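Data from query_35.cif: mmCIF, C-alpha atoms (C1' of nucleotides) and all ligand atoms
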```cif
data_data
loop_
_atom_site.label_atom_id
_atom_site.label_comp_id
_atom_site.auth_asym_id
_atom_site.auth_seq_id
_atom_site.Cartn_x
_atom_site.Cartn_y
_atom_site.Cartn_z
CA MET N 9 63.01 179.82 50.98
CA ARG N 10 66.66 180.44 50.52
CA LYS N 11 68.53 178.59 47.84
CA ARG N 12 71.00 176.07 49.24
CA GLN N 13 74.47 177.34 48.72
CA ASN N 14 76.79 175.09 46.79
CA CYS N 15 79.70 174.75 49.13
CA SER N 16 81.37 171.79 47.48
CA LEU N 17 85.07 171.90 48.04
CA LEU N 18 87.36 173.42 45.52
CA GLY N 19 89.50 170.71 44.03
CA PHE N 20 86.63 168.41 43.20
CA ALA N 21 84.29 171.01 41.79
CA GLN N 22 84.30 172.47 38.32
CA HIS N 23 85.80 175.90 38.37
CA ASP N 24 87.77 178.43 36.43
CA HIS N 25 91.13 177.04 37.21
CA LYS N 26 93.23 179.77 35.68
CA ARG N 27 91.92 181.98 38.43
CA CYS N 28 93.32 179.57 41.05
CA VAL N 29 96.76 179.95 39.59
CA SER N 30 96.72 183.68 39.09
CA ALA N 31 95.01 184.38 42.40
CA GLY N 32 97.40 182.11 44.27
CA LEU N 33 100.43 183.78 42.75
CA LYS N 34 99.00 187.21 43.38
CA VAL N 35 98.39 186.48 47.04
CA ALA N 36 101.94 185.21 47.36
CA ASP N 37 103.38 188.23 45.60
CA VAL N 38 101.53 190.62 47.86
CA TYR N 39 102.24 188.68 51.02
CA CYS N 40 105.95 188.45 50.27
CA GLN N 41 106.22 192.10 49.43
CA LYS N 42 104.48 193.00 52.65
CA HIS N 43 106.66 190.72 54.75
CA LYS N 44 109.89 191.41 52.88
CA LEU N 45 110.19 187.83 51.74
CA ARG N 46 111.83 187.01 48.47
CA LEU N 47 109.60 185.08 46.13
CA THR N 48 112.44 184.18 43.80
CA THR N 49 112.07 182.63 40.36
CA VAL N 50 112.41 179.08 41.58
CA ARG N 51 110.06 179.61 44.50
CA ARG N 52 107.44 181.36 42.41
CA ARG N 53 107.60 178.75 39.68
CA THR N 54 107.39 175.94 42.23
CA LEU N 55 104.25 177.53 43.62
CA SER N 56 102.73 177.90 40.18
CA ILE N 57 103.49 174.26 39.33
CA LEU N 58 101.53 173.21 42.39
CA LEU N 59 98.78 175.71 41.73
CA GLU N 60 98.36 174.36 38.23
CA SER N 61 96.91 171.15 39.59
CA HIS N 62 94.73 170.47 42.56
CA THR N 63 96.60 167.23 43.04
CA ALA N 64 99.49 166.41 45.29
CA LEU N 65 102.89 166.34 43.61
CA GLY N 66 106.01 164.72 44.99
CA ALA N 67 109.16 166.77 45.42
CA TYR N 68 110.74 164.90 42.54
CA ASP N 69 107.76 165.61 40.29
CA VAL N 70 108.24 169.28 40.98
CA LEU N 71 111.96 168.95 40.46
CA ALA N 72 111.43 167.32 37.07
CA ARG N 73 109.37 170.30 35.96
CA LEU N 74 111.94 172.76 37.26
CA ARG N 75 114.69 170.87 35.51
CA GLU N 76 112.87 171.01 32.16
CA GLU N 77 112.82 174.75 32.51
CA GLY N 78 116.44 175.07 33.54
CA LEU N 79 115.56 176.25 37.03
CA GLY N 80 117.55 173.63 38.88
CA SER N 81 118.31 169.99 38.65
CA GLU N 82 119.31 168.72 42.05
CA PRO N 83 116.97 167.71 44.88
CA PRO N 84 117.91 170.51 47.26
CA VAL N 85 116.58 173.04 44.78
CA ALA N 86 113.09 171.59 45.01
CA TYR N 87 113.22 170.94 48.74
CA ARG N 88 114.39 174.46 49.49
CA ALA N 89 111.63 176.00 47.45
CA LEU N 90 109.03 173.68 48.99
CA GLY N 91 110.39 174.47 52.44
CA PHE N 92 110.03 178.19 51.88
CA LEU N 93 106.49 177.80 50.57
CA LEU N 94 105.52 175.54 53.47
CA GLU N 95 106.92 177.89 56.09
CA ASN N 96 104.90 180.73 54.72
CA GLY N 97 101.68 178.82 54.32
CA PHE N 98 101.45 178.90 50.52
CA ILE N 99 101.46 175.13 50.24
CA HIS N 100 100.78 172.14 52.47
CA ARG N 101 102.41 168.79 52.89
CA ILE N 102 100.28 165.66 52.58
CA GLU N 103 101.84 163.22 55.02
CA ARG N 104 100.18 160.12 53.67
CA LEU N 105 101.61 160.74 50.23
CA ASN N 106 104.91 162.42 51.03
CA ALA N 107 103.69 165.06 48.64
CA TYR N 108 102.81 168.71 48.40
CA VAL N 109 99.77 170.66 47.36
CA ALA N 110 99.10 174.36 46.86
CA CYS N 111 96.98 175.97 49.52
CA SER N 112 93.40 176.66 48.50
CA HIS N 113 92.91 179.42 51.03
CA PRO N 114 96.16 181.25 50.97
CA GLY N 115 96.89 184.41 52.83
CA ALA N 116 97.41 183.22 56.36
CA LEU N 117 99.03 180.35 58.15
CA HIS N 118 96.47 177.77 59.02
CA ASN N 119 96.09 174.08 59.66
CA PRO N 120 93.50 172.51 57.42
CA ALA N 121 92.11 169.04 56.94
CA PHE N 122 92.38 167.29 53.59
CA LEU N 123 90.28 165.00 51.46
CA ILE N 124 92.61 162.98 49.29
CA CYS N 125 91.61 160.81 46.35
CA SER N 126 93.58 157.59 46.48
CA ASP N 127 93.18 157.09 42.73
CA CYS N 128 94.16 160.41 41.21
CA ARG N 129 95.74 162.24 44.16
CA ALA N 130 93.30 165.11 43.83
CA VAL N 131 93.22 167.01 47.09
CA ALA N 132 90.55 169.23 48.57
CA GLU N 133 91.34 171.41 51.50
CA SER N 134 88.86 172.00 54.26
CA THR N 135 89.09 174.89 56.63
CA VAL N 136 87.97 172.62 59.45
CA ALA N 137 91.12 171.70 61.26
CA THR N 138 90.23 171.14 64.85
CA THR N 139 90.26 167.69 66.31
CA THR N 140 87.21 166.34 67.97
CA GLY N 141 86.46 167.54 71.45
CA THR N 142 87.05 164.07 72.79
CA LEU N 143 90.62 163.85 71.55
CA ASN N 144 91.39 167.27 72.96
CA ARG N 145 89.91 166.27 76.27
CA GLN N 146 91.91 163.04 76.36
CA ALA N 147 95.06 164.99 75.60
CA ARG N 148 94.38 167.48 78.34
CA GLU N 149 93.62 164.78 80.89
CA SER N 150 96.79 162.87 80.16
CA GLY N 151 98.91 166.02 80.13
CA PHE N 152 99.78 165.95 76.46
CA GLN N 153 100.32 169.35 74.87
CA ILE N 154 99.01 169.30 71.29
CA GLU N 155 100.94 171.58 68.98
CA HIS N 156 99.75 170.54 65.55
CA THR N 157 97.11 168.20 64.22
CA THR N 158 97.15 166.36 60.92
CA ILE N 159 93.79 165.30 59.52
CA GLU N 160 93.83 163.49 56.22
CA ALA N 161 90.81 161.63 54.91
CA GLU N 162 91.46 159.26 52.07
CA GLY N 163 88.87 157.98 49.65
CA GLN N 164 87.51 158.50 46.18
CA CYS N 165 86.77 161.81 44.54
CA PRO N 166 83.55 162.19 42.56
CA SER N 167 85.11 161.66 39.15
CA CYS N 168 87.08 158.59 40.15
CA GLN N 169 83.91 157.10 41.64
CA GLN N 170 82.20 157.51 38.29
CA ALA N 171 85.16 156.14 36.41
CA ASN N 172 85.34 153.02 38.60
CA GLN N 173 81.69 152.21 38.95
CA MET W 24 80.16 162.47 94.58
CA ARG W 25 81.84 160.04 92.28
CA LYS W 26 85.59 159.99 92.07
CA ARG W 27 86.88 161.27 88.77
CA GLN W 28 88.18 158.35 86.79
CA ASN W 29 91.76 158.56 85.67
CA CYS W 30 91.47 157.92 81.96
CA SER W 31 94.90 159.11 80.94
CA LEU W 32 96.02 157.40 77.80
CA LEU W 33 98.18 154.36 77.88
CA GLY W 34 101.56 155.22 76.51
CA PHE W 35 102.02 158.31 78.66
CA ALA W 36 100.83 156.81 81.90
CA GLN W 37 102.76 154.62 84.30
CA HIS W 38 101.69 151.05 83.94
CA ASP W 39 102.78 147.45 84.18
CA HIS W 40 104.36 147.25 80.80
CA LYS W 41 105.12 143.56 80.75
CA ARG W 42 101.41 143.05 80.61
CA CYS W 43 101.18 145.13 77.42
CA VAL W 44 103.63 142.81 75.73
CA SER W 45 102.20 139.54 76.93
CA ALA W 46 98.61 140.63 76.42
CA GLY W 47 99.32 141.92 72.94
CA LEU W 48 101.01 138.71 71.92
CA LYS W 49 98.25 136.65 73.44
CA VAL W 50 95.55 138.53 71.55
CA ALA W 51 97.48 138.06 68.33
CA ASP W 52 97.98 134.35 68.97
CA VAL W 53 94.30 133.80 69.60
CA TYR W 54 93.16 135.97 66.73
CA CYS W 55 95.46 134.24 64.26
CA GLN W 56 94.43 130.80 65.39
CA LYS W 57 90.81 131.73 65.02
CA HIS W 58 91.28 133.23 61.57
CA LYS W 59 93.75 130.64 60.34
CA LEU W 60 96.48 133.21 59.96
CA ARG W 61 100.08 132.23 60.44
CA LEU W 62 101.84 134.27 63.10
CA THR W 63 105.27 133.09 62.07
CA THR W 64 108.47 133.62 64.03
CA VAL W 65 109.40 136.82 62.21
CA ARG W 66 105.90 138.24 62.46
CA ARG W 67 105.51 137.42 66.11
CA ARG W 68 108.91 138.82 67.01
CA THR W 69 108.24 141.98 65.00
CA LEU W 70 105.05 142.47 66.97
CA SER W 71 106.81 141.93 70.26
CA ILE W 72 109.54 144.41 69.34
CA LEU W 73 106.87 147.04 68.80
CA LEU W 74 104.96 146.02 71.90
CA GLU W 75 108.09 146.43 73.98
CA SER W 76 107.97 150.19 73.54
CA HIS W 77 105.08 152.58 73.30
CA THR W 78 107.09 154.59 70.83
CA ALA W 79 107.06 154.54 67.06
CA LEU W 80 109.85 152.56 65.43
CA GLY W 81 110.95 152.86 61.83
CA ALA W 82 111.00 149.79 59.63
CA TYR W 83 114.78 149.86 59.66
CA ASP W 84 114.85 150.04 63.44
CA VAL W 85 112.77 146.90 63.56
CA LEU W 86 114.96 145.32 60.91
CA ALA W 87 118.07 146.02 62.94
CA ARG W 88 116.57 144.15 65.88
CA LEU W 89 115.55 141.24 63.71
CA ARG W 90 118.99 141.12 62.19
CA GLU W 91 120.67 140.93 65.60
CA GLU W 92 118.59 137.88 66.30
CA GLY W 93 119.23 136.23 62.98
CA LEU W 94 115.63 136.56 61.87
CA GLY W 95 116.34 138.37 58.64
CA SER W 96 118.61 141.06 57.37
CA GLU W 97 117.08 142.59 54.26
CA PRO W 98 114.37 145.26 54.14
CA PRO W 99 111.63 143.07 52.66
CA VAL W 100 111.73 140.89 55.75
CA ALA W 101 110.71 143.78 57.95
CA TYR W 102 108.26 145.27 55.49
CA ARG W 103 106.48 141.96 54.96
CA ALA W 104 106.09 141.38 58.66
CA LEU W 105 104.92 144.96 59.22
CA GLY W 106 102.51 144.60 56.31
CA PHE W 107 100.97 141.48 57.78
CA LEU W 108 100.61 143.07 61.21
CA LEU W 109 99.09 146.22 59.72
CA GLU W 110 96.57 144.32 57.63
CA ASN W 111 95.37 142.45 60.65
CA GLY W 112 95.17 145.43 62.94
CA PHE W 113 97.93 144.45 65.37
CA ILE W 114 99.96 147.55 64.65
CA HIS W 115 99.41 151.00 63.16
CA ARG W 116 101.43 153.18 60.88
CA ILE W 117 102.25 156.73 61.96
CA GLU W 118 102.25 158.69 58.73
CA ARG W 119 104.00 161.77 60.05
CA LEU W 120 106.95 159.66 61.17
CA ASN W 121 106.96 156.91 58.55
CA ALA W 122 107.00 154.61 61.50
CA TYR W 123 105.06 151.87 63.19
CA VAL W 124 103.56 151.35 66.61
CA ALA W 125 101.85 148.41 68.30
CA CYS W 126 98.13 148.73 68.73
CA SER W 127 97.03 149.56 72.27
CA HIS W 128 93.55 148.14 71.81
CA PRO W 129 94.13 145.05 69.78
CA GLY W 130 91.52 142.55 68.88
CA ALA W 131 89.62 144.25 66.11
CA LEU W 132 90.37 146.38 63.11
CA HIS W 133 89.83 149.98 63.94
CA ASN W 134 90.95 153.43 62.98
CA PRO W 135 92.27 155.37 65.91
CA ALA W 136 93.69 158.84 66.41
CA PHE W 137 97.19 159.31 67.77
CA LEU W 138 98.99 161.66 70.09
CA ILE W 139 102.62 161.71 69.12
CA CYS W 140 105.46 163.22 71.11
CA SER W 141 107.77 165.05 68.75
CA ASP W 142 110.66 164.70 71.19
CA CYS W 143 110.66 161.03 72.15
CA ARG W 144 108.26 159.50 69.62
CA ALA W 145 106.05 158.14 72.37
CA VAL W 146 102.63 157.44 70.93
CA ALA W 147 99.27 157.21 72.64
CA GLU W 148 96.34 155.77 70.82
CA SER W 149 92.89 157.17 71.22
CA THR W 150 89.78 155.26 70.38
CA VAL W 151 88.26 158.41 68.96
CA ALA W 152 88.67 158.14 65.26
CA THR W 153 85.84 159.99 63.68
CA THR W 154 86.40 163.23 61.90
CA THR W 155 84.47 166.25 62.87
CA GLY W 156 80.93 166.47 61.64
CA THR W 157 81.83 169.41 59.48
CA LEU W 158 84.45 167.55 57.49
CA ASN W 159 82.09 164.66 56.93
CA ARG W 160 79.38 167.04 55.80
CA GLN W 161 81.73 168.79 53.40
CA ALA W 162 82.78 165.44 51.98
CA ARG W 163 79.20 164.34 51.50
CA GLU W 164 78.22 167.60 49.86
CA SER W 165 81.07 167.49 47.40
CA GLY W 166 80.53 163.81 46.59
CA PHE W 167 83.74 162.56 48.15
CA GLN W 168 83.60 159.05 49.58
CA ILE W 169 85.76 158.86 52.71
CA GLU W 170 87.30 155.43 53.22
CA HIS W 171 89.86 156.06 55.90
CA THR W 172 90.81 158.98 58.10
CA THR W 173 94.21 159.70 59.57
CA ILE W 174 94.26 161.84 62.69
CA GLU W 175 97.65 162.51 64.18
CA ALA W 176 98.21 165.16 66.83
CA GLU W 177 101.81 166.09 67.43
CA GLY W 178 103.12 167.77 70.52
CA GLN W 179 104.88 167.08 73.79
CA CYS W 180 104.20 164.22 76.13
CA PRO W 181 104.10 164.88 79.88
CA SER W 182 107.63 163.70 80.61
CA CYS W 183 109.21 165.64 77.76
CA GLN W 184 107.40 168.78 78.92
CA GLN W 185 109.00 168.37 82.33
CA ALA W 186 112.40 167.65 80.86
CA ASN W 187 112.31 170.77 78.66
CA GLN W 188 110.81 173.25 81.05
"C1'" DC P 14 103.09 112.00 46.75
"C1'" DT P 15 102.09 116.01 44.18
"C1'" DT P 16 100.37 120.18 43.57
"C1'" DG P 17 99.04 124.72 44.81
"C1'" DT P 18 99.53 128.47 48.09
"C1'" DA P 19 101.80 131.11 51.43
"C1'" DG P 20 106.01 132.44 53.25
"C1'" DT P 21 111.26 133.55 52.88
"C1'" DG P 22 115.78 134.64 50.95
"C1'" DA P 23 118.32 137.64 48.24
"C1'" DT P 24 119.48 141.21 45.00
"C1'" DA P 25 118.53 145.33 43.08
"C1'" DT P 26 116.52 149.64 42.67
"C1'" DA P 27 113.00 153.21 43.35
"C1'" DA P 28 111.38 157.10 45.95
"C1'" DC P 29 111.92 160.55 49.39
"C1'" DA P 30 115.03 163.72 51.98
"C1'" DT P 31 119.10 166.15 53.94
"C1'" DA P 32 124.18 167.31 55.11
"C1'" DA P 33 127.86 169.98 53.87
"C1'" DC P 34 130.42 173.27 51.54
"C1'" DA P 35 131.51 176.36 47.61
"C1'" DT P 36 129.76 180.19 45.00
"C1'" DT P 37 126.74 183.83 43.61
"C1'" DT P 38 123.24 187.33 44.35
"C1'" DT P 39 121.06 190.63 47.11
"C1'" DT P 40 120.74 193.85 50.66
"C1'" DA P 41 122.36 197.21 54.08
"C1'" DC P 42 125.05 200.74 55.23
"C1'" DG P 43 128.97 203.96 55.62
"C1'" DC A 14 129.44 204.17 44.90
"C1'" DG A 15 132.23 200.18 47.73
"C1'" DT A 16 132.12 196.71 50.73
"C1'" DA A 17 130.67 193.46 54.20
"C1'" DA A 18 126.95 190.56 55.87
"C1'" DA A 19 123.07 187.83 54.79
"C1'" DA A 20 120.33 185.19 51.80
"C1'" DA A 21 119.91 182.23 48.13
"C1'" DT A 22 121.71 178.89 44.86
"C1'" DG A 23 124.91 175.25 42.84
"C1'" DT A 24 126.89 170.88 43.52
"C1'" DT A 25 128.28 166.57 45.40
"C1'" DA A 26 127.43 163.14 48.32
"C1'" DT A 27 124.81 160.45 51.31
"C1'" DG A 28 121.01 159.06 54.34
"C1'" DT A 29 116.38 157.11 54.85
"C1'" DT A 30 112.20 154.74 53.55
"C1'" DA A 31 109.99 151.39 50.49
"C1'" DT A 32 109.15 148.13 46.66
"C1'" DA A 33 109.94 145.02 42.47
"C1'" DT A 34 111.40 140.72 41.13
"C1'" DC A 35 112.73 136.14 40.99
"C1'" DA A 36 114.32 131.92 43.12
"C1'" DC A 37 113.50 128.81 46.75
"C1'" DT A 38 111.16 126.49 50.79
"C1'" DA A 39 107.51 124.93 53.92
"C1'" DC A 40 103.32 123.19 54.33
"C1'" DA A 41 98.46 122.02 53.95
"C1'" DA A 42 94.81 119.78 50.96
"C1'" DG A 43 93.40 116.34 48.14
ZN ZN N 201 91.74 175.31 40.59
ZN ZN N 202 90.15 160.88 41.98
ZN ZN N 203 102.90 149.29 77.96
ZN ZN N 204 108.07 162.71 74.84
#
```

Show this structure as structure tokens.
Ligand SMILES: [Zn+2]
Ligand SMILES: [Zn+2]
Ligand SMILES: [Zn+2]
Ligand SMILES: [Zn+2]
Amino acid sequence: MRKRQNCSLLGFAQHDHKRCVSAGLKVADVYCQKHKLRLTTVRRRTLSILLESHTALGAYDVLARLREEGLGSEPPVAYRALGFLLENGFIHRIERLNAYVACSHPGALHNPAFLICSDCRAVAESTVATTTGTLNRQARESGFQIEHTTIEAEGQCPSCQQANQ
Amino acid sequence: MRKRQNCSLLGFAQHDHKRCVSAGLKVADVYCQKHKLRLTTVRRRTLSILLESHTALGAYDVLARLREEGLGSEPPVAYRALGFLLENGFIHRIERLNAYVACSHPGALHNPAFLICSDCRAVAESTVATTTGTLNRQARESGFQIEHTTIEAEGQCPSCQQANQ
DNA sequence: CTTGTAGTGATATAACATAACATTTTTACG
DNA sequence: CGTAAAAATGTTATGTTATATCACTACAAG
């Protein structure tokens, strides 16, 4: 009898979080070198700020951190860095929160689904991104061409459930 | 051999649109009477503004219309009316657009998926709202309690595809 | 009629995002 | 190297979306 694998989602599970940060930065470094992209100081620091938490941060939260460190003080600085990181799949945007979160499975562009805690903004990223067959069928039948699908499930993460019980 | 039913989604299909407006208002009238809710002038007009198009309108778009008609000129007027209509399931919020759309299947609270045209903001509402089994399983296994799921597919509606070909 | 509740009016401000243009840094190439 | 083009950054201003707060009004219940 095989032991059931623990496949709880990163973000809600206990884990060695320093590895998330270092691994995420490493992947970005390698990817950028390979694709001749410039992971500048601001961009790299923006990524590490997001990697340091598995929660969604607003652009102005990021900007505040950058400002403290003398890396820029005006909104475009943060939005440019976030834009670069989004384009290259290192971070994702959480539409419900107008906020940004580091990718948990970096290395390739992809289109994940998210589980978002409405209390603490913790975010877990699922690799499952496809819509249900029914929605796809309805789209096809009505002639709608789907280009991108956003799936965001909101609720309570394990620790906030305990805290609020 | 049974004829294939045309189940193209309202919003992209040709239809008698005056009926959408009158039916939507009627449902709201009845529902509010039954539940002792007050569908005031501003609320009712806000609903009809959204019913008049199957596209998503921003709060400030709605406000502009209300202002023209002397029904209110400051943001809270629109946001309060939209809030009431959202709470009672007469309209939905499109997160990707920070915009609002009248419900196509009014009468009960529900949690639909949307097909959103990125060119013209036309929105079709699908009754299919459940996430994929896999996402639900992942949530359960990691102890996350899903309360609400947003599914928004963005792409091109039939007429915009023709226009851009 | 009076008292509580729900709804509105009005002002201000918070939060999120981009346009536009000047300047600096980096890269590419002769 | 020197220099021109491209990419990134600095800076100012403004646009867009949303909420807090407090005063006032309408209205239903007792
Ligand atoms: Zn981590
Ligand atoms: Zn939480
Ligand atoms: Zn219609
Ligand atoms: Zn369209």

All Cα atoms, paired in order, least squares: that's the fit I need for chain W onto chain N, output as a CSV table (one decimal) with C-alpha atoms, in the coordinates of the input.
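Saved result, selection05.csv, follows:
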```csv
chain,number,residue,atom,x,y,z
W,24,MET,CA,62.8,179.3,51.3
W,25,ARG,CA,66.5,179.9,50.8
W,26,LYS,CA,68.3,178.1,48.1
W,27,ARG,CA,70.8,175.6,49.4
W,28,GLN,CA,74.3,177.0,48.8
W,29,ASN,CA,76.6,174.8,46.8
W,30,CYS,CA,79.6,174.6,49.1
W,31,SER,CA,81.3,171.7,47.4
W,32,LEU,CA,85.0,171.9,48.0
W,33,LEU,CA,87.3,173.4,45.5
W,34,GLY,CA,89.5,170.7,44.0
W,35,PHE,CA,86.6,168.4,43.1
W,36,ALA,CA,84.3,171.1,41.7
W,37,GLN,CA,84.3,172.6,38.2
W,38,HIS,CA,85.8,176.0,38.3
W,39,ASP,CA,87.8,178.6,36.4
W,40,HIS,CA,91.2,177.2,37.2
W,41,LYS,CA,93.3,179.9,35.7
W,42,ARG,CA,92.0,182.1,38.4
W,43,CYS,CA,93.3,179.7,41.1
W,44,VAL,CA,96.8,180.0,39.6
W,45,SER,CA,96.8,183.8,39.1
W,46,ALA,CA,95.1,184.5,42.4
W,47,GLY,CA,97.5,182.2,44.3
W,48,LEU,CA,100.5,183.8,42.8
W,49,LYS,CA,99.1,187.3,43.4
W,50,VAL,CA,98.5,186.5,47.1
W,51,ALA,CA,102.0,185.2,47.4
W,52,ASP,CA,103.5,188.3,45.7
W,53,VAL,CA,101.6,190.6,48.0
W,54,TYR,CA,102.3,188.7,51.1
W,55,CYS,CA,106.0,188.4,50.4
W,56,GLN,CA,106.3,192.1,49.6
W,57,LYS,CA,104.6,192.9,52.8
W,58,HIS,CA,106.7,190.6,54.9
W,59,LYS,CA,110.0,191.3,53.1
W,60,LEU,CA,110.2,187.8,51.9
W,61,ARG,CA,111.9,187.0,48.6
W,62,LEU,CA,109.7,185.1,46.3
W,63,THR,CA,112.6,184.2,44.0
W,64,THR,CA,112.2,182.6,40.5
W,65,VAL,CA,112.5,179.1,41.7
W,66,ARG,CA,110.1,179.6,44.6
W,67,ARG,CA,107.5,181.4,42.5
W,68,ARG,CA,107.7,178.8,39.7
W,69,THR,CA,107.4,175.9,42.3
W,70,LEU,CA,104.3,177.5,43.7
W,71,SER,CA,102.8,177.9,40.2
W,72,ILE,CA,103.5,174.3,39.3
W,73,LEU,CA,101.6,173.2,42.4
W,74,LEU,CA,98.8,175.8,41.7
W,75,GLU,CA,98.4,174.4,38.2
W,76,SER,CA,96.9,171.2,39.5
W,77,HIS,CA,94.7,170.5,42.5
W,78,THR,CA,96.6,167.3,43.0
W,79,ALA,CA,99.5,166.4,45.2
W,80,LEU,CA,102.9,166.3,43.6
W,81,GLY,CA,106.0,164.7,45.0
W,82,ALA,CA,109.1,166.7,45.4
W,83,TYR,CA,110.7,164.9,42.6
W,84,ASP,CA,107.8,165.6,40.3
W,85,VAL,CA,108.2,169.3,41.0
W,86,LEU,CA,112.0,168.9,40.5
W,87,ALA,CA,111.4,167.3,37.1
W,88,ARG,CA,109.4,170.3,36.0
W,89,LEU,CA,112.0,172.7,37.3
W,90,ARG,CA,114.7,170.8,35.6
W,91,GLU,CA,112.9,171.0,32.2
W,92,GLU,CA,112.9,174.7,32.6
W,93,GLY,CA,116.5,175.0,33.6
W,94,LEU,CA,115.6,176.2,37.1
W,95,GLY,CA,117.6,173.6,39.0
W,96,SER,CA,118.3,169.9,38.7
W,97,GLU,CA,119.3,168.6,42.1
W,98,PRO,CA,116.9,167.6,45.0
W,99,PRO,CA,117.9,170.4,47.3
W,100,VAL,CA,116.6,172.9,44.9
W,101,ALA,CA,113.1,171.5,45.1
W,102,TYR,CA,113.2,170.9,48.8
W,103,ARG,CA,114.4,174.4,49.6
W,104,ALA,CA,111.6,175.9,47.5
W,105,LEU,CA,109.0,173.6,49.0
W,106,GLY,CA,110.4,174.4,52.5
W,107,PHE,CA,110.0,178.1,52.0
W,108,LEU,CA,106.5,177.8,50.6
W,109,LEU,CA,105.5,175.5,53.5
W,110,GLU,CA,106.9,177.8,56.1
W,111,ASN,CA,104.9,180.7,54.8
W,112,GLY,CA,101.7,178.8,54.3
W,113,PHE,CA,101.5,178.9,50.5
W,114,ILE,CA,101.5,175.1,50.2
W,115,HIS,CA,100.7,172.1,52.4
W,116,ARG,CA,102.4,168.8,52.8
W,117,ILE,CA,100.2,165.6,52.5
W,118,GLU,CA,101.8,163.2,54.9
W,119,ARG,CA,100.1,160.1,53.6
W,120,LEU,CA,101.5,160.7,50.2
W,121,ASN,CA,104.8,162.4,51.0
W,122,ALA,CA,103.7,165.0,48.6
W,123,TYR,CA,102.8,168.7,48.4
W,124,VAL,CA,99.8,170.7,47.3
W,125,ALA,CA,99.1,174.4,46.8
W,126,CYS,CA,97.0,176.0,49.5
W,127,SER,CA,93.4,176.7,48.4
W,128,HIS,CA,92.9,179.4,51.0
W,129,PRO,CA,96.1,181.3,50.9
W,130,GLY,CA,96.9,184.4,52.8
W,131,ALA,CA,97.3,183.2,56.4
W,132,LEU,CA,99.0,180.3,58.1
W,133,HIS,CA,96.4,177.8,59.0
W,134,ASN,CA,96.0,174.1,59.6
W,135,PRO,CA,93.4,172.5,57.4
W,136,ALA,CA,92.1,169.0,56.9
W,137,PHE,CA,92.3,167.3,53.5
W,138,LEU,CA,90.2,165.0,51.4
W,139,ILE,CA,92.6,163.0,49.2
W,140,CYS,CA,91.6,160.8,46.3
W,141,SER,CA,93.5,157.6,46.4
W,142,ASP,CA,93.1,157.1,42.7
W,143,CYS,CA,94.1,160.4,41.2
W,144,ARG,CA,95.7,162.3,44.1
W,145,ALA,CA,93.3,165.1,43.8
W,146,VAL,CA,93.2,167.0,47.0
W,147,ALA,CA,90.5,169.2,48.5
W,148,GLU,CA,91.3,171.4,51.5
W,149,SER,CA,88.8,172.0,54.2
W,150,THR,CA,89.0,174.9,56.6
W,151,VAL,CA,87.9,172.6,59.4
W,152,ALA,CA,91.1,171.8,61.2
W,153,THR,CA,90.2,171.2,64.8
W,154,THR,CA,90.2,167.7,66.3
W,155,THR,CA,87.2,166.3,67.9
W,156,GLY,CA,86.5,167.6,71.4
W,157,THR,CA,87.2,164.1,72.8
W,158,LEU,CA,90.7,164.0,71.5
W,159,ASN,CA,91.5,167.4,72.9
W,160,ARG,CA,90.0,166.4,76.2
W,161,GLN,CA,92.1,163.2,76.3
W,162,ALA,CA,95.2,165.2,75.5
W,163,ARG,CA,94.5,167.7,78.2
W,164,GLU,CA,93.8,165.1,80.8
W,165,SER,CA,97.0,163.2,80.1
W,166,GLY,CA,99.1,166.4,80.0
W,167,PHE,CA,99.9,166.3,76.3
W,168,GLN,CA,100.4,169.6,74.6
W,169,ILE,CA,99.1,169.5,71.1
W,170,GLU,CA,101.0,171.8,68.7
W,171,HIS,CA,99.7,170.7,65.3
W,172,THR,CA,97.1,168.3,64.1
W,173,THR,CA,97.1,166.4,60.8
W,174,ILE,CA,93.8,165.3,59.5
W,175,GLU,CA,93.8,163.5,56.2
W,176,ALA,CA,90.8,161.6,54.9
W,177,GLU,CA,91.4,159.3,52.0
W,178,GLY,CA,88.9,158.0,49.6
W,179,GLN,CA,87.5,158.5,46.1
W,180,CYS,CA,86.7,161.8,44.5
W,181,PRO,CA,83.5,162.2,42.5
W,182,SER,CA,85.0,161.7,39.1
W,183,CYS,CA,87.0,158.6,40.1
W,184,GLN,CA,83.8,157.1,41.6
W,185,GLN,CA,82.1,157.5,38.3
W,186,ALA,CA,85.1,156.1,36.4
W,187,ASN,CA,85.3,153.0,38.6
W,188,GLN,CA,81.6,152.2,38.9
```

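The two atoms in question, CA of Ala186 (chain W) and CA of Ser150 (chain N), are spaced 16.3 Å apart.
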
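Near ligand ZN 203 (chain N), at distances of 8 Å or less and with all atoms listed in the file counted, sit the residues Leu33, Gly34, His38, Asp39, His40, Lys41, Arg42, Cys43, Val44, Leu74, Glu75, Ser76 and His77 of chain W.
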
For this session: Check which residues fall inside 10 Å of ligand ZN 202 (chain N) when counting all atoms listed in the file, and print them as a PyMOL selection string.
Result: (chain N and resi 20+63+124-131+163-172) or (chain W and resi 167)

For this session: Tell me the residues of chain N close to chain A, meaning within 12 Å using all atoms listed in the file, as a PyMOL selection string.
Result: chain N and resi 45-51+79-86+88-89+92+106
